[in-house]
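Peer 1: Input file: structure_11.cif. Contents: mmCIF, C-alpha atoms and all ligand atoms.
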data_target
loop_
_atom_site.label_atom_id
_atom_site.label_comp_id
_atom_site.auth_asym_id
_atom_site.auth_seq_id
_atom_site.Cartn_x
_atom_site.Cartn_y
_atom_site.Cartn_z
CA MET A 679 84.58 94.26 116.41
CA LYS A 680 82.21 97.03 115.26
CA LYS A 681 83.16 98.57 111.94
CA LEU A 682 83.69 102.33 111.65
CA ARG A 683 81.04 104.02 109.47
CA ALA A 684 82.64 105.93 106.59
CA CYS A 685 81.43 108.86 104.51
CA ILE A 686 83.11 109.20 101.10
CA LEU A 687 83.25 112.75 99.68
CA GLY A 688 83.44 112.86 95.87
CA ALA A 689 82.21 109.26 95.62
CA THR A 690 81.35 109.32 91.91
CA GLY A 691 84.86 110.24 90.70
CA ILE A 692 87.69 107.86 89.85
CA VAL A 693 89.23 107.97 93.32
CA GLY A 694 85.79 107.87 94.99
CA GLN A 695 84.96 104.73 93.02
CA HIS A 696 88.16 103.05 94.20
CA PHE A 697 87.25 103.98 97.79
CA ILE A 698 83.90 102.24 97.32
CA ARG A 699 85.50 99.18 95.71
CA ILE A 700 87.99 98.84 98.59
CA LEU A 701 85.59 99.69 101.45
CA ALA A 702 82.67 97.58 100.17
CA ASP A 703 84.32 94.58 101.80
CA HIS A 704 86.73 95.88 104.41
CA PRO A 705 87.31 94.39 107.88
CA PHE A 706 87.49 97.75 109.74
CA PHE A 707 85.26 100.15 107.80
CA GLU A 708 81.81 100.14 106.22
CA ILE A 709 80.25 102.64 103.83
CA GLU A 710 77.62 104.82 105.50
CA ALA A 711 77.23 107.80 103.17
CA LEU A 712 78.33 109.13 99.77
CA THR A 713 78.53 112.69 98.47
CA ALA A 714 79.20 114.28 95.09
CA SER A 715 78.41 117.51 93.19
CA PRO A 716 74.93 119.10 92.93
CA ARG A 717 74.70 117.33 89.54
CA SER A 718 74.60 113.90 91.26
CA GLN A 719 72.95 114.80 94.55
CA GLY A 720 69.62 113.06 95.26
CA HIS A 721 70.20 110.24 92.75
CA GLU A 722 70.72 106.57 93.60
CA TYR A 723 74.41 105.81 93.30
CA GLY A 724 74.04 102.76 91.03
CA ARG A 725 71.91 104.72 88.55
CA GLN A 726 74.00 107.89 88.55
CA VAL A 727 77.62 106.73 88.55
CA ASP A 728 79.62 106.07 85.39
CA TRP A 729 81.34 103.06 87.05
CA LEU A 730 84.81 102.39 85.67
CA VAL A 731 86.96 100.64 88.25
CA SER A 732 85.68 97.05 88.35
CA GLU A 733 83.05 94.83 86.76
CA ARG A 734 80.02 96.23 88.60
CA VAL A 735 78.96 98.68 91.27
CA PRO A 736 79.06 96.92 94.68
CA GLU A 737 75.60 95.88 95.86
CA ILE A 738 75.92 97.76 99.14
CA VAL A 739 75.95 101.20 97.43
CA GLN A 740 73.61 100.46 94.49
CA GLU A 741 70.59 102.15 96.06
CA MET A 742 72.39 104.57 98.37
CA VAL A 743 71.23 108.13 97.71
CA ILE A 744 74.04 110.58 96.93
CA GLN A 745 74.15 113.47 99.40
CA ASP A 746 75.31 117.03 98.86
CA THR A 747 78.90 117.84 99.76
CA CYS A 748 78.18 120.14 102.66
CA ALA A 749 79.49 119.93 106.24
CA ASP A 750 76.01 120.18 107.83
CA THR A 751 74.72 117.29 105.73
CA VAL A 752 77.71 115.08 106.52
CA LEU A 753 77.51 115.86 110.23
CA ARG A 754 73.82 115.02 110.25
CA LEU A 755 74.66 111.60 108.79
CA ASP A 756 77.04 111.15 111.75
CA PRO A 757 79.85 109.01 110.27
CA ASP A 758 82.87 107.89 112.32
CA ILE A 759 85.39 108.69 109.58
CA VAL A 760 85.55 110.69 106.33
CA PHE A 761 87.47 109.82 103.16
CA SER A 762 87.83 112.74 100.76
CA ALA A 763 88.17 112.45 96.97
CA LEU A 764 87.03 115.96 96.09
CA PRO A 765 88.68 118.43 93.73
CA SER A 766 91.17 120.42 95.78
CA GLY A 767 89.36 123.79 95.62
CA ILE A 768 86.15 122.27 96.95
CA ALA A 769 87.88 120.16 99.60
CA SER A 770 89.68 122.89 101.50
CA ASP A 771 86.79 124.33 103.55
CA ILE A 772 84.70 121.23 104.06
CA GLU A 773 87.65 119.07 105.19
CA ALA A 774 88.59 121.72 107.79
CA GLN A 775 84.96 122.12 108.90
CA LEU A 776 84.49 118.37 109.38
CA ALA A 777 87.75 118.01 111.29
CA THR A 778 86.86 120.97 113.48
CA ALA A 779 83.51 119.32 114.21
CA GLY A 780 85.40 116.30 115.55
CA LEU A 781 85.78 113.95 112.58
CA PRO A 782 88.95 112.23 111.38
CA VAL A 783 89.38 113.17 107.70
CA PHE A 784 91.59 111.08 105.39
CA SER A 785 92.12 113.16 102.29
CA ASN A 786 93.45 112.58 98.79
CA THR A 787 93.38 116.19 97.81
CA GLY A 788 96.17 118.72 97.71
CA ALA A 789 94.16 121.25 99.76
CA HIS A 790 95.87 120.79 103.14
CA ARG A 791 98.94 118.68 102.28
CA MET A 792 101.44 121.46 102.79
CA ASP A 793 99.84 122.85 106.00
CA SER A 794 102.59 122.59 108.59
CA SER A 795 100.77 120.32 111.05
CA VAL A 796 99.03 118.13 108.45
CA PRO A 797 100.93 114.92 107.72
CA ILE A 798 101.41 113.62 104.20
CA LEU A 799 101.47 110.12 105.58
CA ILE A 800 102.93 107.08 103.86
CA PRO A 801 103.20 104.73 106.80
CA GLU A 802 106.09 102.68 105.38
CA VAL A 803 108.04 105.91 104.88
CA ASN A 804 107.23 108.43 107.62
CA PRO A 805 105.06 106.69 110.27
CA ASP A 806 106.11 109.18 112.96
CA HIS A 807 104.51 112.05 110.97
CA LEU A 808 101.11 110.81 112.17
CA GLU A 809 102.02 112.53 115.46
CA LEU A 810 101.54 115.89 113.72
CA ILE A 811 97.77 115.58 114.19
CA LYS A 812 98.25 116.39 117.88
CA TYR A 813 99.33 119.89 116.88
CA GLN A 814 96.43 120.66 114.53
CA ASP A 815 94.14 123.45 115.61
CA LEU A 816 91.04 121.60 114.42
CA GLY A 817 89.01 120.77 117.51
CA ASP A 818 88.67 117.08 118.27
CA GLY A 819 89.11 115.94 114.68
CA TYR A 820 92.10 115.97 112.36
CA ILE A 821 93.22 115.77 108.74
CA VAL A 822 95.63 113.15 107.41
CA THR A 823 96.58 113.36 103.74
CA ASN A 824 98.31 111.00 101.36
CA SER A 825 100.64 112.33 98.72
CA ASN A 826 100.07 113.23 95.13
CA CYS A 827 100.03 110.08 92.96
CA SER A 828 103.50 110.30 91.40
CA THR A 829 105.14 111.26 94.71
CA SER A 830 103.78 108.15 96.45
CA GLY A 831 105.82 105.71 94.34
CA LEU A 832 108.86 107.93 94.38
CA VAL A 833 109.20 108.29 98.16
CA LEU A 834 108.57 104.58 98.73
CA ALA A 835 111.50 103.78 96.44
CA LEU A 836 113.68 106.46 98.02
CA ARG A 837 113.10 105.50 101.66
CA PRO A 838 115.42 102.44 101.74
CA LEU A 839 118.01 104.28 99.65
CA MET A 840 118.29 107.21 102.08
CA GLU A 841 121.03 105.42 104.00
CA LEU A 842 123.23 105.71 100.90
CA GLY A 843 123.10 109.50 101.23
CA VAL A 844 120.56 110.70 98.65
CA ARG A 845 121.71 114.20 97.65
CA LYS A 846 119.93 115.03 94.42
CA LEU A 847 116.96 113.61 92.58
CA THR A 848 115.83 114.15 89.00
CA VAL A 849 112.47 112.61 88.09
CA THR A 850 110.63 112.56 84.76
CA THR A 851 107.09 111.20 84.83
CA PHE A 852 104.92 109.53 82.20
CA GLN A 853 101.49 109.84 83.78
CA ALA A 854 98.29 107.95 82.97
CA VAL A 855 95.06 109.72 81.98
CA SER A 856 93.15 108.37 85.01
CA GLY A 857 95.35 110.66 87.09
CA ALA A 858 93.43 113.62 85.69
CA GLY A 859 90.06 112.37 86.93
CA ARG A 860 86.98 111.17 85.09
CA ARG A 861 86.63 114.19 82.83
CA GLY A 862 90.32 115.08 82.93
CA VAL A 863 91.88 115.03 79.46
CA SER A 864 89.95 115.05 76.21
CA SER A 865 90.54 112.03 73.99
CA LEU A 866 91.35 114.30 71.03
CA ASP A 867 94.17 115.86 73.04
CA ILE A 868 95.76 112.66 74.37
CA LEU A 869 95.28 109.90 71.77
CA GLY A 870 98.49 109.47 69.76
CA ASN A 871 100.07 112.24 71.80
CA VAL A 872 102.22 113.15 74.81
CA ILE A 873 101.56 116.40 76.70
CA PRO A 874 104.67 117.70 78.50
CA PHE A 875 102.73 119.64 81.14
CA ILE A 876 100.48 118.80 84.09
CA THR A 877 99.20 121.73 86.11
CA ASN A 878 101.09 122.13 89.45
CA GLU A 879 102.42 118.55 89.29
CA GLU A 880 106.13 119.36 89.25
CA ALA A 881 105.88 121.72 92.24
CA LYS A 882 103.83 119.10 94.13
CA ILE A 883 106.48 116.42 93.58
CA VAL A 884 109.25 118.75 94.79
CA GLY A 885 107.44 120.04 97.90
CA GLU A 886 105.79 116.79 98.94
CA THR A 887 108.92 114.65 98.49
CA LYS A 888 110.94 116.96 100.73
CA LYS A 889 108.16 117.08 103.35
CA ILE A 890 107.53 113.31 103.44
CA LEU A 891 111.23 112.49 103.71
CA GLY A 892 111.76 115.36 106.17
CA THR A 893 112.28 115.20 109.91
CA ARG A 894 109.41 115.78 112.29
CA SER A 895 110.17 118.41 114.89
CA THR A 896 107.26 118.63 117.35
CA GLY A 897 104.37 120.17 115.33
CA GLU A 898 106.05 120.58 111.96
CA VAL A 899 108.40 118.93 109.48
CA ILE A 900 111.87 120.14 108.56
CA PRO A 901 112.10 119.37 104.82
CA ALA A 902 114.72 116.81 103.72
CA PRO A 903 117.82 118.56 102.32
CA ILE A 904 117.49 116.91 98.91
CA ASP A 905 117.71 118.81 95.64
CA VAL A 906 114.57 117.63 93.76
CA ASN A 907 113.97 118.36 90.08
CA ALA A 908 110.77 117.15 88.35
CA SER A 909 109.39 117.16 84.79
CA CYS A 910 105.92 115.73 84.16
CA ALA A 911 104.14 114.49 81.04
CA ARG A 912 100.70 113.04 80.41
CA VAL A 913 100.76 109.94 78.17
CA PRO A 914 97.97 107.89 76.52
CA VAL A 915 97.95 105.15 79.17
CA LEU A 916 94.85 104.30 81.20
CA ASP A 917 96.32 103.54 84.64
CA GLY A 918 99.84 103.59 86.07
CA HIS A 919 102.42 106.34 86.32
CA LEU A 920 105.87 105.39 85.01
CA GLU A 921 108.76 107.49 86.34
CA SER A 922 112.38 107.76 85.23
CA VAL A 923 114.46 108.52 88.32
CA VAL A 924 118.10 109.62 88.55
CA ILE A 925 119.55 109.78 92.05
CA ASP A 926 122.90 111.30 93.04
CA MET A 927 124.30 109.77 96.23
CA ASP A 928 127.10 110.80 98.58
CA GLU A 929 129.24 107.80 97.64
CA PRO A 930 129.64 105.28 94.80
CA VAL A 931 126.78 102.77 94.71
CA SER A 932 126.57 99.18 93.50
CA ILE A 933 123.57 97.48 91.89
CA ASP A 934 123.76 94.56 94.32
CA ARG A 935 123.49 96.85 97.34
CA VAL A 936 120.63 98.86 95.79
CA VAL A 937 118.65 95.72 94.88
CA GLU A 938 119.21 94.30 98.37
CA LEU A 939 117.93 97.50 100.01
CA LEU A 940 114.88 97.75 97.75
CA GLU A 941 113.84 94.10 97.93
CA ASN A 942 114.21 93.84 101.70
CA PHE A 943 112.36 97.05 102.48
CA THR A 944 109.33 96.75 104.76
CA GLY A 945 107.77 99.13 107.27
CA GLU A 946 105.28 99.34 110.12
CA PRO A 947 102.21 98.45 107.97
CA GLN A 948 103.87 95.12 107.12
CA ALA A 949 104.75 94.45 110.79
CA LEU A 950 101.15 95.26 111.73
CA THR A 951 99.83 93.12 108.80
CA LEU A 952 97.34 95.83 107.85
CA PRO A 953 94.78 94.72 105.23
CA MET A 954 95.96 97.14 102.51
CA ALA A 955 99.67 96.61 103.19
CA PRO A 956 101.46 94.47 100.61
CA SER A 957 103.94 91.99 102.10
CA ARG A 958 106.69 93.80 100.14
CA PRO A 959 106.07 97.45 99.14
CA LEU A 960 108.78 97.34 96.44
CA VAL A 961 109.21 94.72 93.72
CA VAL A 962 112.31 94.76 91.52
CA LEU A 963 111.74 93.42 88.00
CA HIS A 964 114.87 92.11 86.34
CA GLU A 965 113.80 91.93 82.67
CA ASN A 966 115.42 94.69 80.64
CA ASP A 967 112.14 96.14 79.33
CA ARG A 968 110.15 96.42 82.59
CA PRO A 969 108.22 97.81 84.42
CA GLN A 970 105.43 98.56 81.93
CA PRO A 971 101.97 99.95 82.84
CA LYS A 972 100.29 97.42 80.55
CA ARG A 973 102.02 94.35 82.02
CA ASP A 974 103.13 95.13 85.55
CA LEU A 975 100.51 97.20 87.37
CA SER A 976 99.22 94.07 89.05
CA LEU A 977 101.36 90.98 89.46
CA GLY A 978 98.56 88.54 90.24
CA SER A 979 95.71 87.97 92.66
CA GLY A 980 97.65 88.93 95.83
CA ASP A 981 98.66 92.29 94.32
CA LEU A 982 96.06 94.93 95.28
CA GLY A 983 97.86 97.69 93.39
CA MET A 984 99.81 98.76 96.48
CA THR A 985 103.29 97.61 95.38
CA VAL A 986 105.67 99.84 93.47
CA LYS A 987 107.52 98.11 90.65
CA LEU A 988 111.12 99.03 89.87
CA GLY A 989 113.40 98.14 86.99
CA ARG A 990 116.16 99.18 84.58
CA LEU A 991 118.49 99.74 87.52
CA ARG A 992 121.84 101.18 86.41
CA CYS A 993 124.71 102.49 88.56
CA GLN A 994 127.57 104.70 87.46
CA GLY A 995 129.83 106.15 90.15
CA ASN A 996 127.63 108.01 92.65
CA GLN A 997 124.60 107.91 90.37
CA LEU A 998 121.68 105.46 90.20
CA ASN A 999 119.20 105.40 87.28
CA MET A 1000 115.95 103.48 87.41
CA PHE A 1001 112.32 103.38 86.32
CA LEU A 1002 109.43 102.91 88.71
CA LEU A 1003 105.74 102.20 88.18
CA VAL A 1004 103.00 103.14 90.65
CA HIS A 1005 99.25 102.50 90.45
CA ASN A 1006 98.14 106.13 90.58
CA THR A 1007 94.55 105.62 91.72
CA ILE A 1008 95.35 102.90 94.30
CA ARG A 1009 98.82 103.35 95.87
CA GLY A 1010 98.71 106.96 94.68
CA ALA A 1011 95.19 107.67 95.95
CA ALA A 1012 92.35 105.60 97.50
CA GLY A 1013 94.44 102.60 98.60
CA ALA A 1014 96.97 104.93 100.24
CA SER A 1015 94.23 106.75 102.13
CA VAL A 1016 92.63 103.53 103.39
CA LEU A 1017 96.07 102.27 104.47
CA ASN A 1018 96.52 105.53 106.41
CA ALA A 1019 93.20 104.99 108.19
CA GLU A 1020 94.13 101.37 109.01
CA PHE A 1021 97.45 102.64 110.38
CA ALA A 1022 95.77 105.39 112.45
CA ARG A 1023 93.42 102.77 113.89
CA ALA A 1024 96.35 100.49 114.77
CA LYS A 1025 98.04 103.45 116.49
CA GLY A 1026 94.94 104.11 118.60
CA VAL A 1027 93.95 107.49 117.13
CA LEU A 1028 90.86 106.19 115.34
CA ALA A 1029 88.13 104.56 117.37
N1 LIG A 1101 93.00 110.32 89.87
C1 LIG A 1101 94.13 110.15 90.54
O1 LIG A 1101 95.01 109.34 90.13
C2 LIG A 1101 94.42 110.92 91.80
C3 LIG A 1101 95.54 110.57 92.53
C4 LIG A 1101 95.83 111.24 93.70
C5 LIG A 1101 95.01 112.24 94.12
N2 LIG A 1101 93.92 112.60 93.39
C6 LIG A 1101 93.07 113.68 93.91
O2 LIG A 1101 91.83 113.10 94.35
C7 LIG A 1101 90.76 114.03 94.15
C8 LIG A 1101 89.70 113.34 93.27
O3 LIG A 1101 90.28 112.99 92.02
P1 LIG A 1101 89.48 112.17 90.91
O4 LIG A 1101 90.52 111.80 89.93
O5 LIG A 1101 88.66 111.12 91.54
O6 LIG A 1101 88.50 113.31 90.31
P2 LIG A 1101 87.13 113.14 89.50
O7 LIG A 1101 87.09 111.82 88.82
O8 LIG A 1101 87.02 114.37 88.69
O9 LIG A 1101 86.00 113.15 90.65
C9 LIG A 1101 85.67 114.32 91.37
C10 LIG A 1101 84.58 114.04 92.38
O10 LIG A 1101 84.26 115.28 93.03
C11 LIG A 1101 82.88 115.60 92.82
N3 LIG A 1101 82.74 117.06 92.61
C12 LIG A 1101 83.11 117.79 91.54
N4 LIG A 1101 82.76 119.08 91.71
C13 LIG A 1101 82.11 119.14 92.90
C14 LIG A 1101 81.45 120.20 93.61
N5 LIG A 1101 81.40 121.44 93.13
N6 LIG A 1101 80.91 119.91 94.80
C15 LIG A 1101 80.94 118.66 95.30
N7 LIG A 1101 81.52 117.62 94.67
C16 LIG A 1101 82.10 117.87 93.48
C17 LIG A 1101 82.47 114.85 91.58
O11 LIG A 1101 81.06 114.65 91.57
P3 LIG A 1101 80.17 114.57 90.21
O12 LIG A 1101 80.43 113.22 89.63
O13 LIG A 1101 78.78 114.76 90.69
O14 LIG A 1101 80.65 115.69 89.32
C18 LIG A 1101 83.25 113.55 91.77
O15 LIG A 1101 82.58 112.73 92.70
C19 LIG A 1101 91.40 115.26 93.47
O16 LIG A 1101 91.68 116.22 94.48
C20 LIG A 1101 92.67 114.73 92.88
O17 LIG A 1101 93.66 115.71 92.74
C21 LIG A 1101 93.58 111.96 92.25
#
Do you think you could lay out the structure here as structure tokens?

Peer 2:
Amino acid sequence: MKKLRACILGATGIVGQHFIRILADHPFFEIEALTASPRSQGHEYGRQVDWLVSERVPEIVQEMVIQDTCADTVLRLDPDIVFSALPSGIASDIEAQLATAGLPVFSNTGAHRMDSSVPILIPEVNPDHLELIKYQDLGDGYIVTNSNCSTSGLVLALRPLMELGVRKLTVTTFQAVSGAGRRGVSSLDILGNVIPFITNEEAKIVGETKKILGTRSTGEVIPAPIDVNASCARVPVLDGHLESVVIDMDEPVSIDRVVELLENFTGEPQALTLPMAPSRPLVVLHENDRPQPKRDLSLGSGDLGMTVKLGRLRCQGNQLNMFLLVHNTIRGAAGASVLNAEFARAKGVLA
């Protein structure tokens, strides 16, 4: 079957690099074009990029010339699909322009996530939200977003627990520096330090969690009636967001029931055996000092960074405490977006 030709916006950044790594050898998509800022435009990708996400720049993009991030340029290149890894402020107009011109846009940015008819899609969690694209006023194209990086792990862990009556959620994050992008946090600020503030992150976790777990009602989502409270910190870790989660349920909970729900959780991507879908989205670690970013981000060759690791499960009355670990640039960014495109293709809205 013919592969769909992809344009990656913001291809030189951390998320853009992961897009390239994943799409360089993908069964459904192939890389057709790359864009970045005026600083990088016109240069060969392999010479310009400060490659950080694997051993070497994939051969297929080595000599590809970086284009400017402008709707006219992208439309002239005529891709079948767009993946966006731009800073939010830059993404807003161009993503809407490309969708209006008829392209499917799979975006990592926060620019359109909270627009009423734009899904924040995590196909294991809210597959029916893909239907929202029918209500977008964007010509023949559409925008599908994935969540902010810390929210992605959180909602995956919450989905199977919803049947226990999740009422209130308190999350404290310990977020890796790669989450701030390639030039995000200066080494003098973060080494030997913890910064208890990340711009807009707490509001994103609150709003996105309620939207993703909400109920779709024709062209919009009614937010889930969960009381969400978030505190976010940046820590001197390269990759992997660790999150301490406290959940108040309607009724008393037992560890055995919680572990059973988490370990047996699968969704539509698993049933469809999509390439980026892990066989189990959630892995419970039973050692008393796990999960750790250094040890548990990848559990071996079959782990593409798409599983969320959980541990330190403790129940007391109606309350569950746990830690979770999510790969912020894969399950929280590029991998999530590619999974969304695979899912859209399987659902017949991407051809
Ligand atoms: N990092 C994560 O864990 C993560 C997780 C989830 C979502 N996100 C979101 O994903 C997006 C990308 O994040 P990132 O971490 O990859 O950022 P990044 O490393 O800073 O990369 C930004 C990319 O955008 C390009 N860019 C910057 N200014 C531009 C301009 N004025 N015009 C056109 N292109 C421009 C950069 O090109 P140059 O190299 O030429 O400057 C680079 O390719 C952001 O919206 C972020 O919030 C990131």

Peer 1: Around ligand LIG 1101 (chain A), which protein and nucleic acid residues have at least one atom no more than 6 Å from it, if we count only C-alpha atoms and all ligand atoms? List them as a count of residues only.

Peer 2: 30

Peer 1: Using all atoms listed in the file, find the one residue out of A:Ala779, A:Leu975, A:Met792, A:Val849 that sits nearest to A:Gly819.

Peer 2: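 Using all atoms listed in the file, the shortest distance to A:Gly819 belongs to A:Ala779.
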
Peer 1: Can you measure atom CA of A:Arg845 to atom CA of A:Ala902 for me? One decimal in Å is fine.

Peer 2: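 Atom CA of A:Ala902 lies 9.6 Å from atom CA of A:Arg845.
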
Peer 1: Which of these residues is nearest to A:Arg837, using all atoms listed in the file: A:Pro959, A:Asp934, A:Ile772, A:Leu682?

Peer 2: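 The closest residue to A:Arg837 is A:Pro959.
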
Peer 1: Write out as a list of chain:residue names each polymer residue whose atoms come within 12 Å of A:Arg725, counting all atoms listed in the file; drop sequence neighbours fewer than 3 positions from it.

Peer 2: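 Contacts, with the query itself left out: A:Thr690, A:Ser718, A:Gln719, A:Gly720, A:His721, A:Glu722, A:Asp728, A:Trp729, A:Arg734, A:Val735, A:Val739, A:Gln740, A:Glu741, A:Met742, A:Val743, A:Ile744.
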
Peer 1: Create the file for the chosen residues now, containing C-alpha atoms and written as a short mmCIF file (atom, residue, chain, number, x, y, z; two decimals), in the coordinates of the input.

Peer 2:
data_model
loop_
_atom_site.label_atom_id
_atom_site.label_comp_id
_atom_site.auth_asym_id
_atom_site.auth_seq_id
_atom_site.Cartn_x
_atom_site.Cartn_y
_atom_site.Cartn_z
CA THR A 690 81.35 109.32 91.91
CA SER A 718 74.60 113.90 91.26
CA GLN A 719 72.95 114.80 94.55
CA GLY A 720 69.62 113.06 95.26
CA HIS A 721 70.20 110.24 92.75
CA GLU A 722 70.72 106.57 93.60
CA ASP A 728 79.62 106.07 85.39
CA TRP A 729 81.34 103.06 87.05
CA ARG A 734 80.02 96.23 88.60
CA VAL A 735 78.96 98.68 91.27
CA VAL A 739 75.95 101.20 97.43
CA GLN A 740 73.61 100.46 94.49
CA GLU A 741 70.59 102.15 96.06
CA MET A 742 72.39 104.57 98.37
CA VAL A 743 71.23 108.13 97.71
CA ILE A 744 74.04 110.58 96.93
#

Peer 1: Do you have the atom CA of A:Pro716-atom CA of A:Ser732 distance handy?

Peer 2: 25.0 Å

Peer 1: How many Å lie between atom CA of A:Thr893 and atom CA of A:Ala1014, rounded to one decimal?

Peer 2: 20.8 Å
